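Input: a single structure, listed below in structure tokens.
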Amino acid sequence: MALMRSFYADFTRTFGNVLFAVCLLIAWALLTLLGVLVEQGKDAGAYFSDYAAPLARLILRLDFNNVYHAPYYVGVIGLILLSLAVCTFKRVIPARLPPLRPMRIEKIPLNASIETRRSESDARSFVEAFFGKRGWQVRKREFGGVEWTFADKHNWARRGVLVAHVGFVIIAAGTTIYWARGFSGDAAIVSGQTVRIPYTATTIRLDRFAYKIQPTMTKSGIVYQPIDYVSGVTVTGKDRVPHERTIRVNHPIDVDGTLYYQANYGFAVRLRLSHRGARRTLSDGTYAIGDSFTLPGTQRTILLEQFVPTVDRRSREPSPDPRVNDPAVALAVQDHGEAVGTALVPLRATIDVGDGWRLALQRYLMISGLQYRYDPGVPLVGVGAFVLLAGLVISFYLLPARLYIRVEGAAGRSRIGIAATTVKGYDMFEKQFADLTAELREVT
């Protein structure tokens, strides 16, 4: 039994320590930041291509590519919740809900003494009725044969910090559900193509895409601002029934609980490759800007550097106008890793890329960039946020106060000693205490 008491004392002392809780929060913040810096959920090969080999191996071995689902991340959250619970029940509640016990009234900064001609019993009854009529909760206790009267105002508000802690626990539970069962990601869909969303059986085909550019005249010139872009898609969810839906900015669609957002857009180009007049087949013939491909049987690489929606007709240079009027594609050619040259090729034109190879830019296609997110913990996080806000409002805007009252009588007279304490210091209640004692002195 002594061993258990010693273990319990060490446990509460450790997990009730504020510095220990702060260290846990710092560790949680660093791990969360790591999850932001290292892109999550990619294939192992992607990390070896993005990072040096030793760093990539470290990321994979320590599960940094899946931080939010890693045991150590969930463990740190569990320790934070445990520390929060211990601090709440061993430090916060005892401090916020002090037991009823006698105090030396004259030692409390907010104190007053009132002389009255009432008898001791009459004065006790009068004090009880006085504070009861003014909304104070009056309780009597006897200590060592001496009767004390305690009056509390907004005593329930002392639990505001506890309510806020409960709200934080609910929010943590909601976010934990997301880390355990939720997912998010991005999908880029070329017009006419279909993509399958990971984690789900959902497929999305981009039927059409439209965007609107608003030219605005400023002091520095014309600014072209996208004001809307919309994807018309055919979505097939768990019911295996195709549904035509529209996704636009700030108006996501819900498919089997997963939200799909319109995030951005881009361009792809349909290409045709030929060698000495004979047509050669590319992988699918459609490449997004930023993609590259190698000419068959050579070390020559073609990179699609930029899609230019409008080429200035006089200078034949790219125009700042993002609306598609006279489009072209900026190509870069490399041979054995060395730059050979660049060219701005109009759409529907053909360019000689060397060694008998010719490349035709047939047409452009729109790419819709979507973001998706499934978060089953959102309702719980919403409830937790409301509870947390309620706890903060209670804690900051209500002032719980306690009065310590002792009545002493002799020879048909009595003396009322009264003192006040609050959870926010004495200055906050000084004026209210002065008004209260002045009123009591006047009516007695």
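By order of appearance in the structure tokens: chains A, B, ..., then residues from 1 within every chain, and ligands from 1 in the order shown.
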
Enumerate the residues of range 20-166 of chain A with a DSSP assignment of helix (DSSP H, G or I), computed from the backbone, and present them as JSON, numbers by chain.
{"A": [20, 21, 22, 23, 24, 25, 26, 27, 28, 29, 30, 31, 32, 33, 34, 35, 36, 37, 44, 45, 46, 47, 48, 49, 50, 53, 54, 55, 56, 57, 58, 59, 60, 61, 64, 65, 66, 67, 68, 69, 71, 72, 73, 74, 75, 76, 77, 78, 79, 80, 81, 82, 83, 84, 85, 86, 87, 88, 89, 90, 91, 92, 93, 94, 95, 96, 105, 106, 107, 120, 121, 122, 123, 124, 125, 126, 127, 128, 129, 130, 131, 132, 133, 155, 156, 157, 158, 159, 160, 161, 162, 163, 164, 165, 166]}

Cut-off 6 Å: closest range 82-188 of chain A/range 418-441 of chain A atom pairs per residue, using only C-alpha atoms, as a Markdown table:
```
| residue | atom | partner | partner_atom | distance |
| --- | --- | --- | --- | --- |
| A:Ile105 | CA | A:Ala419 | CA | 5.6 |
| A:Leu110 | CA | A:Ala419 | CA | 5.5 |
| A:Asn111 | CA | A:Ala419 | CA | 4.0 |
| A:Ala112 | CA | A:Ile418 | CA | 5.4 |
```

Keeping only N, CA and C atoms, take the residues you just selected and write them out as a compact mmCIF listing (two decimals), in the first residue's frame.
```
# COMPACT_ATOMS: atom_id res chain seq x y z
N ILE A 105 -10.42 37.12 9.48
CA ILE A 105 -11.04 38.16 8.67
C ILE A 105 -10.13 39.38 8.51
N LEU A 110 -9.76 42.65 1.76
CA LEU A 110 -11.11 43.21 1.69
C LEU A 110 -11.87 42.77 2.95
N ASN A 111 -11.90 43.62 3.96
CA ASN A 111 -12.59 43.28 5.19
C ASN A 111 -13.26 44.52 5.77
N ALA A 112 -14.27 44.29 6.57
CA ALA A 112 -15.00 45.39 7.22
C ALA A 112 -15.60 44.88 8.51
```

Give me the range 41-148 of chain A side of the contact with range 180-195 of chain A, cut-off 10 Å, one line per residue showing its nearest atom pair and distance in Å at one decimal, counting only C-alpha atoms, sorted by chain and residue number, as JSON lines.
```
{"residue": "A:Gly41", "atom": "CA", "partner": "A:Gly185", "partner_atom": "CA", "distance": 9.2}
{"residue": "A:Tyr68", "atom": "CA", "partner": "A:Ala180", "partner_atom": "CA", "distance": 8.1}
{"residue": "A:His69", "atom": "CA", "partner": "A:Ala180", "partner_atom": "CA", "distance": 6.3}
{"residue": "A:Ala70", "atom": "CA", "partner": "A:Ala180", "partner_atom": "CA", "distance": 9.6}
{"residue": "A:Val74", "atom": "CA", "partner": "A:Ala180", "partner_atom": "CA", "distance": 9.1}
```

Could the residues in this selection be written to a file with N, CA, C and O atoms, as a PDB file, in the first residue's frame?
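Just written: part_3.pdb:
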```pdb
ATOM      1  N   GLY A  41       2.097  10.609 -46.761  1.00  0.00           N
ATOM      2  CA  GLY A  41       1.394   9.599 -47.531  1.00  0.00           C
ATOM      3  C   GLY A  41       1.917   9.318 -48.925  1.00  0.00           C
ATOM      4  O   GLY A  41       1.228   8.696 -49.727  1.00  0.00           O
ATOM      5  N   TYR A  68       0.995  11.816 -38.492  1.00  0.00           N
ATOM      6  CA  TYR A  68      -0.247  11.986 -37.740  1.00  0.00           C
ATOM      7  C   TYR A  68      -0.889  10.662 -37.333  1.00  0.00           C
ATOM      8  O   TYR A  68      -1.784  10.654 -36.476  1.00  0.00           O
ATOM      9  N   HIS A  69      -0.452   9.571 -37.931  1.00  0.00           N
ATOM     10  CA  HIS A  69      -0.974   8.259 -37.542  1.00  0.00           C
ATOM     11  C   HIS A  69       0.081   7.445 -36.791  1.00  0.00           C
ATOM     12  O   HIS A  69      -0.187   6.289 -36.445  1.00  0.00           O
ATOM     13  N   ALA A  70       1.244   8.028 -36.562  1.00  0.00           N
ATOM     14  CA  ALA A  70       2.322   7.307 -35.898  1.00  0.00           C
ATOM     15  C   ALA A  70       2.011   7.104 -34.408  1.00  0.00           C
ATOM     16  O   ALA A  70       1.386   7.952 -33.778  1.00  0.00           O
ATOM     17  N   VAL A  74       0.312   9.914 -31.545  1.00  0.00           N
ATOM     18  CA  VAL A  74      -0.901   9.654 -30.754  1.00  0.00           C
ATOM     19  C   VAL A  74      -0.543   9.542 -29.278  1.00  0.00           C
ATOM     20  O   VAL A  74      -1.288   9.986 -28.397  1.00  0.00           O
TER      21      VAL A  74
END
```

Skip range 272-276 of chain A itself and residues of its chain fewer than 4 positions away, then list as JSON, numbers by chain all residues within 6 Å of it, counting only C-alpha atoms.
{"A": [280, 356, 357, 358, 359, 360]}
